[in-house]
file protein04.csv (CSV, C-alpha atoms)
chain,number,residue,atom,x,y,z
Q,1,MET,CA,23.0,20.6,-10.8
Q,2,PRO,CA,22.0,24.2,-11.8
Q,3,PRO,CA,21.6,25.0,-15.5
Q,4,VAL,CA,24.7,25.5,-17.6
Q,5,PRO,CA,25.6,29.2,-17.8
Q,6,VAL,CA,25.3,30.5,-21.4
Q,7,HIS,CA,28.7,31.6,-22.9
Q,8,GLN,CA,29.7,32.1,-26.5
Q,9,PRO,CA,31.7,29.1,-27.4
Q,10,GLY,CA,34.3,31.2,-29.2
Q,11,ASP,CA,35.1,33.0,-26.0
Q,12,ASP,CA,38.7,32.2,-24.9
Q,13,TYR,CA,37.9,32.5,-21.2
Q,14,PHE,CA,35.1,30.0,-21.6
Q,15,ARG,CA,37.4,27.6,-23.4
Q,16,LEU,CA,40.0,27.9,-20.6
Q,17,ALA,CA,37.4,27.2,-18.0
Q,18,MET,CA,36.1,24.3,-20.0
Q,19,ALA,CA,39.6,22.8,-20.3
Q,20,ALA,CA,40.3,23.2,-16.6
Q,21,SER,CA,36.9,21.8,-15.4
Q,22,GLY,CA,36.8,18.5,-13.6
Q,23,ILE,CA,33.3,18.0,-15.0
Q,24,GLY,CA,32.8,16.6,-18.5
Q,25,MET,CA,31.9,19.5,-20.8
Q,26,ALA,CA,31.1,19.5,-24.5
Q,27,ILE,CA,29.7,21.7,-27.3
Q,28,VAL,CA,27.1,20.2,-29.7
Q,29,ASP,CA,26.1,21.9,-33.0
Q,30,MET,CA,22.5,22.1,-34.3
Q,31,ASP,CA,23.0,18.9,-36.3
Q,32,ARG,CA,23.6,17.4,-32.8
Q,33,ARG,CA,27.2,16.4,-33.4
Q,34,TRP,CA,30.1,16.9,-31.0
Q,35,VAL,CA,32.0,20.1,-31.8
Q,36,GLU,CA,34.3,20.3,-28.9
Q,37,VAL,CA,34.9,18.2,-25.7
Q,38,ASN,CA,37.1,18.9,-22.7
Q,39,PRO,CA,39.7,16.5,-21.1
Q,40,ALA,CA,37.3,15.4,-18.3
Q,41,PHE,CA,34.8,14.4,-21.0
Q,42,GLU,CA,37.4,12.3,-22.8
Q,43,ARG,CA,38.3,10.5,-19.6
Q,44,MET,CA,34.7,9.9,-18.7
Q,45,PHE,CA,33.8,8.3,-22.1
Q,46,GLY,CA,37.2,6.7,-22.9
Q,47,TYR,CA,37.5,8.4,-26.3
Q,48,SER,CA,39.9,11.1,-27.4
Q,49,ALA,CA,38.6,14.4,-28.7
Q,50,GLU,CA,39.7,13.4,-32.2
Q,51,GLU,CA,37.5,10.3,-32.0
Q,52,LEU,CA,34.5,12.3,-30.8
Q,53,VAL,CA,34.4,15.5,-32.7
Q,54,GLY,CA,32.2,15.4,-35.8
Q,55,ARG,CA,30.3,12.3,-34.7
Q,56,ALA,CA,26.6,12.3,-33.7
Q,57,ALA,CA,25.9,12.6,-30.0
Q,58,ALA,CA,23.2,9.9,-30.4
Q,59,ASP,CA,26.0,7.4,-31.3
Q,60,PHE,CA,27.1,7.5,-27.7
Q,61,THR,CA,23.6,7.4,-26.2
Q,62,HIS,CA,22.2,4.1,-24.8
Q,63,PRO,CA,19.8,2.7,-27.5
Q,64,ASP,CA,16.9,2.7,-25.0
Q,65,ASP,CA,17.3,6.4,-24.4
Q,66,VAL,CA,17.8,7.7,-28.0
Q,67,GLU,CA,14.2,8.5,-28.7
Q,68,ARG,CA,13.6,10.2,-25.3
Q,69,SER,CA,16.8,12.2,-25.8
Q,70,ARG,CA,15.8,13.3,-29.3
Q,71,GLN,CA,12.4,14.5,-28.0
Q,72,ALA,CA,14.0,16.4,-25.1
Q,73,LEU,CA,16.4,18.2,-27.4
Q,74,ASP,CA,13.5,19.1,-29.7
Q,75,ASP,CA,11.7,20.6,-26.8
Q,76,LEU,CA,14.8,22.5,-25.6
Q,77,VAL,CA,15.6,24.0,-29.1
Q,78,ALA,CA,11.9,24.9,-29.6
Q,79,GLY,CA,11.9,26.7,-26.3
Q,80,ARG,CA,9.3,24.5,-24.7
Q,81,ILE,CA,11.7,23.8,-21.8
Q,82,GLU,CA,14.4,26.1,-20.5
Q,83,PHE,CA,17.1,23.5,-19.9
Q,84,ILE,CA,17.6,19.8,-19.3
Q,85,ASP,CA,18.8,18.5,-16.0
Q,86,ALA,CA,18.4,14.8,-15.5
Q,87,PRO,CA,20.2,11.4,-15.4
Q,88,LYS,CA,21.0,9.7,-18.6
Q,89,ARG,CA,22.6,6.5,-19.9
Q,90,TYR,CA,25.6,6.8,-22.3
Q,91,LEU,CA,27.9,4.1,-23.9
Q,92,HIS,CA,31.5,4.0,-22.7
Q,93,ARG,CA,34.2,3.0,-25.2
Q,94,ASP,CA,34.6,-0.4,-23.5
Q,95,GLY,CA,30.9,-1.2,-24.1
Q,96,ARG,CA,29.6,-0.7,-20.6
Q,97,THR,CA,26.7,1.5,-19.7
Q,98,LEU,CA,27.8,4.9,-18.3
Q,99,TRP,CA,25.3,6.7,-16.1
Q,100,ALA,CA,25.8,10.4,-16.1
Q,101,HIS,CA,23.9,13.4,-14.9
Q,102,ALA,CA,23.4,15.6,-18.0
Q,103,ASN,CA,22.9,19.3,-17.9
Q,104,VAL,CA,22.1,20.9,-21.3
Q,105,ALA,CA,21.4,24.5,-22.3
Q,106,VAL,CA,21.0,26.2,-25.7
Q,107,VAL,CA,23.1,29.1,-26.9
Q,108,ARG,CA,21.0,31.6,-29.0
Q,109,ASP,CA,21.9,34.6,-31.0
Q,110,ALA,CA,20.5,38.1,-30.4
Q,111,ALA,CA,17.4,37.3,-32.4
Q,112,GLY,CA,16.8,34.1,-30.3
Q,113,ALA,CA,17.8,31.6,-33.0
Q,114,PRO,CA,19.6,28.5,-31.6
Q,115,LEU,CA,23.3,28.3,-32.3
Q,116,GLN,CA,24.8,25.5,-30.3
Q,117,LEU,CA,24.2,23.3,-27.2
Q,118,LEU,CA,26.3,23.4,-24.1
Q,119,VAL,CA,26.5,20.1,-22.3
Q,120,GLN,CA,27.8,19.2,-18.8
Q,121,VAL,CA,28.0,15.5,-17.7
Q,122,ARG,CA,28.9,14.1,-14.3
Q,123,ASP,CA,29.6,10.4,-13.9
Q,124,ILE,CA,27.1,8.9,-11.5
Q,125,SER,CA,27.7,5.2,-12.3
Q,126,ALA,CA,29.1,4.5,-8.8
Q,127,GLU,CA,26.0,6.1,-7.2
Q,128,ARG,CA,23.7,4.0,-9.4
Q,129,GLU,CA,25.6,0.8,-8.6
Q,130,ALA,CA,25.4,1.6,-4.9
Q,131,GLU,CA,21.7,2.2,-5.2
Q,132,ALA,CA,21.3,-1.1,-7.1
Q,133,VAL,CA,23.2,-3.0,-4.4
Q,134,LEU,CA,21.1,-1.3,-1.7
Q,135,ARG,CA,17.8,-2.2,-3.5
Q,136,ALA,CA,19.0,-5.8,-4.0
Q,137,ASN,CA,19.8,-6.0,-0.3
Q,138,VAL,CA,16.4,-4.5,0.7
Q,139,ASP,CA,14.6,-6.9,-1.7
Q,140,ALA,CA,16.6,-9.9,-0.3
Q,141,ARG,CA,15.7,-8.9,3.3
Q,142,ALA,CA,12.1,-8.4,2.3
Q,143,ASP,CA,12.0,-11.8,0.6
Q,144,ALA,CA,13.6,-13.4,3.7
Q,145,ALA,CA,11.1,-11.7,5.9
Q,146,ASP,CA,8.2,-12.8,3.7
Q,147,ALA,CA,9.5,-16.4,3.7
Q,148,SER,CA,9.9,-16.3,7.5
Q,149,GLU,CA,6.4,-14.8,7.9
Q,150,ARG,CA,4.9,-17.5,5.6
Q,151,GLN,CA,6.6,-20.2,7.6
Q,152,LEU,CA,5.4,-18.7,10.8
Q,153,GLN,CA,1.9,-18.4,9.4
Q,154,MET,CA,2.0,-22.0,8.2
Q,155,PHE,CA,3.0,-23.1,11.6
Q,156,ALA,CA,0.2,-21.1,13.2
Q,157,ASP,CA,-2.3,-22.5,10.8
Q,158,SER,CA,-1.1,-26.0,11.4
Q,159,VAL,CA,-1.4,-25.5,15.2
Q,160,ALA,CA,-4.8,-24.0,14.9
Q,161,HIS,CA,-5.9,-26.9,12.7
Q,162,ASP,CA,-4.5,-29.5,15.2
Q,163,LEU,CA,-6.3,-27.7,18.1
Q,164,ARG,CA,-9.7,-27.8,16.4
Q,165,ALA,CA,-10.0,-31.6,16.5
Q,166,PRO,CA,-9.5,-32.0,20.3
Q,167,LEU,CA,-11.7,-28.9,20.9
Q,168,ARG,CA,-14.5,-30.5,18.9
Q,169,SER,CA,-14.1,-33.7,21.0
Q,170,ILE,CA,-14.3,-31.7,24.2
Q,171,GLU,CA,-17.4,-29.8,23.1
Q,172,SER,CA,-19.0,-33.0,21.8
Q,173,PHE,CA,-18.3,-35.3,24.8
Q,174,SER,CA,-19.0,-32.6,27.4
Q,175,GLY,CA,-22.4,-32.1,25.7
Q,176,LEU,CA,-23.1,-35.8,25.8
Q,177,LEU,CA,-22.1,-35.9,29.4
Q,178,ALA,CA,-24.4,-33.1,30.3
Q,179,LYS,CA,-27.2,-34.7,28.4
Q,180,ARG,CA,-26.8,-38.2,29.9
Q,181,ALA,CA,-25.4,-37.7,33.3
Q,182,GLY,CA,-26.3,-34.1,34.1
Q,183,GLU,CA,-29.0,-35.0,36.5
Q,184,GLN,CA,-26.7,-37.2,38.4
Q,185,LEU,CA,-24.2,-34.4,39.1
Q,186,ASP,CA,-24.6,-32.0,42.0
Q,187,GLU,CA,-24.8,-28.3,41.4
Q,188,THR,CA,-21.0,-27.9,41.7
Q,189,GLY,CA,-20.4,-30.7,39.1
Q,190,ARG,CA,-22.8,-29.2,36.7
Q,191,ASP,CA,-21.1,-25.8,37.1
Q,192,TYR,CA,-17.7,-27.4,36.3
Q,193,LEU,CA,-19.1,-29.1,33.2
Q,194,GLU,CA,-20.7,-25.8,32.0
Q,195,ARG,CA,-17.4,-24.0,32.5
Q,196,ILE,CA,-15.6,-26.7,30.4
Q,197,ARG,CA,-18.2,-26.3,27.6
Q,198,ASN,CA,-18.0,-22.5,27.7
Q,199,ALA,CA,-14.2,-22.6,27.6
Q,200,ALA,CA,-14.1,-24.9,24.7
Q,201,SER,CA,-16.6,-22.7,22.8
Q,202,ARG,CA,-14.5,-19.6,23.5
Q,203,MET,CA,-11.4,-21.3,22.2
Q,204,SER,CA,-13.1,-22.4,19.1
Q,205,SER,CA,-14.3,-18.9,18.5
Q,206,LEU,CA,-10.8,-17.5,19.1
Q,207,LEU,CA,-9.3,-19.9,16.6
Q,208,ALA,CA,-11.9,-18.9,14.0
Q,209,ALA,CA,-11.1,-15.2,14.7
Q,210,LEU,CA,-7.4,-15.8,14.3
Q,211,ALA,CA,-8.1,-17.5,11.0
Q,212,ASP,CA,-10.1,-14.4,10.0
Q,213,LEU,CA,-7.3,-12.1,11.0
Q,214,SER,CA,-4.8,-14.2,8.9
Q,215,HIS,CA,-7.2,-14.1,6.0
Q,216,ALA,CA,-7.6,-10.4,6.2
Q,217,THR,CA,-3.9,-9.9,6.3
Q,218,ARG,CA,-2.6,-12.4,3.8
Q,219,THR,CA,-5.2,-13.0,1.2
Q,220,GLU,CA,-4.6,-11.4,-2.2
Q,221,LEU,CA,-6.9,-8.4,-3.0
Q,222,LYS,CA,-9.2,-8.8,-5.9
Q,223,PRO,CA,-10.7,-5.3,-6.2
Q,224,GLY,CA,-13.8,-4.5,-8.1
Q,225,PRO,CA,-17.2,-2.8,-7.7
Q,226,VAL,CA,-18.9,-3.9,-4.5
Q,227,ASP,CA,-22.6,-3.5,-3.4
Q,228,LEU,CA,-22.2,-2.8,0.3
Q,229,SER,CA,-26.0,-2.7,0.8
Q,230,LEU,CA,-26.3,-6.2,-0.5
Q,231,LEU,CA,-23.5,-7.4,1.7
Q,232,ALA,CA,-25.0,-5.7,4.8
Q,233,ASP,CA,-28.4,-7.4,4.1
Q,234,TRP,CA,-26.6,-10.7,3.6
Q,235,VAL,CA,-24.8,-10.5,7.0
Q,236,LEU,CA,-27.9,-9.3,8.9
Q,237,ALA,CA,-29.9,-12.2,7.4
Q,238,GLU,CA,-27.3,-14.6,8.6
Q,239,LEU,CA,-27.4,-13.1,12.1
Q,240,GLN,CA,-31.2,-13.2,12.2
Q,241,GLU,CA,-31.2,-16.8,11.0
Q,242,ALA,CA,-28.8,-17.8,13.8
Q,243,GLU,CA,-31.1,-16.2,16.4
Q,244,PRO,CA,-34.6,-16.2,15.0
Q,245,GLU,CA,-36.1,-15.5,18.4
Q,246,ARG,CA,-34.6,-12.0,18.5
Q,247,THR,CA,-36.5,-9.0,17.3
Q,248,VAL,CA,-34.2,-6.3,15.9
Q,249,ARG,CA,-35.2,-3.3,13.7
Q,250,MET,CA,-32.7,-3.4,10.9
Q,251,GLN,CA,-32.4,-0.7,8.3
Q,252,VAL,CA,-30.0,-0.8,5.4
Q,253,GLN,CA,-29.7,2.2,3.0
Q,254,PRO,CA,-30.0,0.9,-0.6
Q,255,GLY,CA,-27.4,1.9,-3.3
Q,256,LEU,CA,-24.3,1.9,-1.1
Q,257,VAL,CA,-21.3,1.0,-3.3
Q,258,ALA,CA,-17.5,0.9,-3.0
Q,259,HIS,CA,-14.5,-0.4,-4.9
Q,260,GLY,CA,-12.7,-3.2,-3.1
Q,261,ASP,CA,-12.4,-6.9,-2.5
Q,262,GLU,CA,-15.9,-8.2,-2.0
Q,263,ARG,CA,-14.9,-11.1,0.2
Q,264,LEU,CA,-12.9,-9.0,2.6
Q,265,LEU,CA,-15.5,-6.2,2.7
Q,266,LYS,CA,-18.1,-8.8,3.6
Q,267,LEU,CA,-15.9,-10.0,6.4
Q,268,LEU,CA,-15.4,-6.4,7.6
Q,269,LEU,CA,-19.1,-5.7,7.6
Q,270,GLY,CA,-19.6,-9.0,9.3
Q,271,GLN,CA,-17.4,-8.0,12.2
Q,272,LEU,CA,-19.1,-4.6,12.6
Q,273,LEU,CA,-22.6,-5.9,12.3
Q,274,HIS,CA,-21.9,-8.9,14.6
Q,275,ASN,CA,-20.6,-6.3,17.1
Q,276,ALA,CA,-23.8,-4.3,16.8
Q,277,TRP,CA,-25.9,-7.5,17.0
Q,278,LYS,CA,-24.1,-8.6,20.1
Q,279,PHE,CA,-24.2,-5.4,22.1
Q,280,THR,CA,-27.9,-4.7,21.4
Q,281,ARG,CA,-28.9,-8.0,23.0
Q,282,GLY,CA,-31.1,-7.2,25.9
Q,283,ARG,CA,-32.5,-4.0,24.4
Q,284,GLY,CA,-36.3,-3.8,24.4
Q,285,GLU,CA,-36.2,-2.2,20.9
Q,286,ALA,CA,-32.9,-3.1,19.4
Q,287,THR,CA,-31.9,-1.1,16.3
Q,288,ILE,CA,-29.1,-1.5,13.8
Q,289,GLU,CA,-28.8,0.9,10.9
Q,290,VAL,CA,-26.4,0.9,7.9
Q,291,GLY,CA,-26.0,4.0,5.8
Q,292,GLY,CA,-23.6,6.3,4.0
Q,293,ASP,CA,-22.8,8.0,0.7
Q,294,SER,CA,-20.2,8.0,-2.0
Q,295,ASP,CA,-18.9,10.5,-4.5
Q,296,ALA,CA,-15.7,11.3,-6.5
Q,297,ARG,CA,-13.7,11.4,-3.3
Q,298,GLY,CA,-14.7,7.9,-2.1
Q,299,SER,CA,-17.2,5.9,-0.2
Q,300,ARG,CA,-18.4,6.5,3.4
Q,301,LEU,CA,-20.3,3.9,5.4
Q,302,TYR,CA,-21.6,3.9,8.9
Q,303,VAL,CA,-23.0,1.1,11.1
Q,304,ARG,CA,-25.1,2.5,14.0
Q,305,ASP,CA,-26.7,0.7,16.9
Q,306,ASN,CA,-28.5,1.6,20.1
Q,307,GLY,CA,-26.6,-1.0,22.2
Q,308,SER,CA,-24.6,-0.7,25.4
Q,309,GLY,CA,-21.9,1.5,23.9
Q,310,PHE,CA,-18.6,2.3,25.6
Q,311,ASP,CA,-16.5,5.0,27.1
Q,312,MET,CA,-14.6,7.0,24.5
Q,313,ARG,CA,-11.7,7.4,26.9
Q,314,TYR,CA,-10.8,3.8,26.1
Q,315,ALA,CA,-11.3,4.1,22.3
Q,316,HIS,CA,-7.6,3.8,21.7
Q,317,LYS,CA,-7.8,0.1,22.7
Q,318,LEU,CA,-10.8,-0.6,20.4
Q,319,PHE,CA,-8.9,-1.9,17.4
Q,320,GLN,CA,-6.0,-3.6,19.3
Q,321,PRO,CA,-6.0,-7.4,19.2
Q,322,PHE,CA,-7.2,-9.1,22.4
Q,323,GLN,CA,-8.3,-5.8,23.9
Q,324,ARG,CA,-11.9,-5.9,25.2
Q,325,LEU,CA,-13.9,-3.0,26.6
Q,326,HIS,CA,-16.6,-5.3,27.9
Q,327,GLY,CA,-16.4,-8.4,30.0
Q,328,PRO,CA,-17.8,-11.8,28.9
Q,329,ASP,CA,-20.9,-11.2,31.0
Q,330,GLU,CA,-21.5,-7.9,29.0
Q,331,GLY,CA,-21.1,-9.6,25.6
Q,332,GLY,CA,-17.4,-9.1,25.3
Q,333,GLY,CA,-15.7,-11.6,23.0
Q,334,HIS,CA,-12.1,-12.5,22.1
Q,335,GLY,CA,-11.1,-9.0,21.2
Q,336,LEU,CA,-10.2,-9.8,17.6
Q,337,GLY,CA,-13.2,-8.8,15.6
Q,338,LEU,CA,-12.6,-5.1,15.3
Q,339,ALA,CA,-8.8,-5.7,14.7
Q,340,VAL,CA,-9.8,-7.8,11.7
Q,341,ALA,CA,-12.1,-5.0,10.5
Q,342,GLN,CA,-9.4,-2.4,10.8
Q,343,ARG,CA,-6.9,-4.5,9.0
Q,344,ILE,CA,-9.2,-4.9,6.1
Q,345,ALA,CA,-9.9,-1.1,6.0
Q,346,GLU,CA,-6.1,-0.4,6.0
Q,347,ARG,CA,-5.5,-2.8,3.2
Q,348,HIS,CA,-8.1,-0.9,1.2
Q,349,ARG,CA,-6.3,2.4,2.1
Q,350,GLY,CA,-9.3,3.2,4.2
Q,351,TYR,CA,-10.0,4.3,7.7
Q,352,LEU,CA,-12.2,2.9,10.5
Q,353,ARG,CA,-13.2,4.9,13.5
Q,354,ALA,CA,-15.9,4.8,16.2
Q,355,GLU,CA,-18.1,7.1,18.2
Q,356,SER,CA,-20.0,5.9,21.3
Q,357,GLU,CA,-21.7,6.7,24.5
Q,358,PRO,CA,-22.4,4.3,27.3
Q,359,ASP,CA,-25.9,3.0,27.4
Q,360,VAL,CA,-26.8,5.0,24.2
Q,361,GLY,CA,-25.1,3.1,21.4
Q,362,SER,CA,-22.2,3.1,19.0
Q,363,THR,CA,-21.5,4.3,15.4
Q,364,PHE,CA,-18.6,2.9,13.4
Q,365,HIS,CA,-17.5,4.9,10.4
Q,366,LEU,CA,-15.7,3.4,7.4
Q,367,ASP,CA,-14.1,5.7,4.8
Q,368,LEU,CA,-12.8,4.1,1.6
Q,369,PRO,CA,-10.9,6.2,-0.9
Q,370,ALA,CA,-12.0,6.6,-4.5
Q,371,VAL,CA,-10.4,4.5,-7.2
Q,372,ASP,CA,-7.5,6.1,-9.0
Q,373,GLY,CA,-4.9,4.9,-11.5
Q,374,SER,CA,-1.9,5.4,-9.2
Q,375,SER,CA,-1.5,1.7,-8.6
Q,376,THR,CA,-1.6,0.9,-12.3
Q,377,ARG,CA,0.4,3.8,-13.7
Q,378,THR,CA,4.1,3.0,-14.4
Q,379,GLU,CA,6.6,5.4,-13.1
Q,380,SER,CA,8.5,7.5,-15.6
Q,381,THR,CA,12.2,6.9,-15.8
Q,382,ALA,CA,14.7,9.6,-15.1
Q,383,THR,CA,15.7,9.6,-18.7
Q,384,ASP,CA,12.4,11.1,-20.0
Q,385,THR,CA,13.9,14.5,-20.4
Q,386,VAL,CA,17.5,14.1,-21.3
Q,387,PRO,CA,19.4,14.6,-24.5

call {"tool": "encode", "arguments": {"input": "protein04.csv", "output": "structure tokens"}}
result
Amino acid sequence: MPPVPVHQPGDDYFRLAMAASGIGMAIVDMDRRWVEVNPAFERMFGYSAEELVGRAAADFTHPDDVERSRQALDDLVAGRIEFIDAPKRYLHRDGRTLWAHANVAVVRDAAGAPLQLLVQVRDISAEREAEAVLRANVDARADAADASERQLQMFADSVAHDLRAPLRSIESFSGLLAKRAGEQLDETGRDYLERIRNAASRMSSLLAALADLSHATRTELKPGPVDLSLLADWVLAELQEAEPERTVRMQVQPGLVAHGDERLLKLLLGQLLHNAWKFTRGRGEATIEVGGDSDARGSRLYVRDNGSGFDMRYAHKLFQPFQRLHGPDEGGGHGLGLAVAQRIAERHRGYLRAESEPDVGSTFHLDLPAVDGSSTRTESTATDTVP
């Protein structure tokens, strides 16, 4: 609503317009008492003009809004603001809360001294009730969706758990069979047995990756300062321990820090570094480098390798679950690792991207925003600047 036009309250034309208006209108003196109200105002509040005139406007203001209203009027009279135009809660005669959009301007004399306040109010209670119903419906649907997702996830976790036991049996007994009877099998039989063992191993790896994806998506974030250099050293040490026969030149820039969930960021780095470790296999001088910088804008990290790389024409598939740019014989896995990494980056309001060239190597860039107070600041209510 635009600001109330300034008229002298004694003007007859103004009073005629005020009486004919379908919007609640009132005049308030500098002691902040009702001087005059129009019929629409009476209907809106449920009081007659005789019951309102002379009483303090604050008597009809919702108790939670009285102090904010007083401060807003002080600012208006002092000239710190030009007018007031915002929702506000009043008290109806029947005791219910009345939501109204209040528009207030101050009438001043030729010297600029305040004389009276002109108030317009429009009942928006129905709009507020409709918004509350809509929010309740949205919340109910969100709660139902969350419950459904939790049930689905519990089912998926249960299935994954139940699958691990028979897979372990397949891997164990096929390994025993290969050890005890492998020499008795012909070449075709040994090939079949090896295929069984490889398939069971891939399925186990896939179930583990699905568990990582679930963890990255559902786990509660516990943000804090994180030493990314320490996490990178940790992950690389684990990779080297798993394959001590490999010689890889590893370089981690010290002092890389960020703000986030340490467990998830370690998982993210684990996916990126495992990717680099995997695709540098076979290189005569394999190199993996971790570096970056941080400032007031946030933290930037890169993981670079001189591995097999990939064609950037297919980069749009890189972070999609189950999409692989390399076959199993080229080191391609289950296609979930980078999807897990991207999900963690997104949950930190960050961004993950890649640059690569076939047979030259790949570089993955992780950008994490700086910490701000937006998530902890409470939103101001609409009544912060109303009378």

call {"tool": "atom_distance", "arguments": {"input": "protein04.csv", "atom1": "CA of Val133 (chain Q)", "atom2": "CA of Arg96 (chain Q)"}}
result
17.6 Å

call {"tool": "residues_around", "arguments": {"input": "protein04.csv", "residues": "region 37-49 of chain Q", "least_positions_apart": "6", "cutoff": "7 Å", "atoms": "only C-alpha atoms", "output": "PyMOL selection string"}}
result
chain Q and resi 18-19+22-27+92-93

call {"tool": "atom_distance", "arguments": {"input": "protein04.csv", "atom1": "CA of Arg297 (chain Q)", "atom2": "CA of Val235 (chain Q)"}}
result
26.6 Å

call {"tool": "residues_around", "arguments": {"input": "protein04.csv", "residues": "region 290-295 of chain Q", "least_positions_apart": "2", "cutoff": "8 Å", "atoms": "all atoms listed in the file", "output": "PyMOL selection string"}}
result
chain Q and resi 229+232+251-253+256-258+288+297-304+370

call {"tool": "atom_distance", "arguments": {"input": "protein04.csv", "atom1": "CA of Asp85 (chain Q)", "atom2": "CA of Ala102 (chain Q)"}}
result
5.8 Å

call {"tool": "residues_near_point", "arguments": {"input": "protein04.csv", "point": "(20.2, 5.5, -20.9)", "cutoff": "7 Å", "atoms": "all atoms listed in the file", "output": "JSON, numbers by chain"}}
result
{"Q": [61, 62, 64, 65, 88, 89, 90, 383]}

call {"tool": "residues_around", "arguments": {"input": "protein04.csv", "residues": "Ala237 (chain Q)", "least_positions_apart": "6", "cutoff": "12 Å", "atoms": "only C-alpha atoms", "output": "compact mmCIF listing (two decimals) with C-alpha atoms, keeping the file's coordinate frame"}}
result
# COMPACT_ATOMS: atom_id res chain seq x y z
CA LEU Q 230 -26.30 -6.20 -0.50
CA LEU Q 231 -23.50 -7.40 1.70
CA GLU Q 243 -31.10 -16.20 16.40
CA PRO Q 244 -34.60 -16.20 15.00
CA VAL Q 248 -34.20 -6.30 15.90
CA MET Q 250 -32.70 -3.40 10.90
CA GLN Q 251 -32.40 -0.70 8.30
CA VAL Q 252 -30.00 -0.80 5.40
CA GLY Q 270 -19.60 -9.00 9.30
CA LEU Q 273 -22.60 -5.90 12.30
CA HIS Q 274 -21.90 -8.90 14.60
CA TRP Q 277 -25.90 -7.50 17.00

call {"tool": "closest_residue", "arguments": {"input": "protein04.csv", "among": "Q:Glu346, Q:Asp305, Q:Glu357, Q:Glu127", "to": "Phe279 (chain Q)", "atoms": "all atoms listed in the file"}}
result
Q:Asp305

call {"tool": "closest_residue", "arguments": {"input": "protein04.csv", "among": "Q:Arg180, Q:Arg347, Q:Arg15, Q:His316", "to": "Leu118 (chain Q)", "atoms": "all atoms listed in the file"}}
result
Q:Arg15
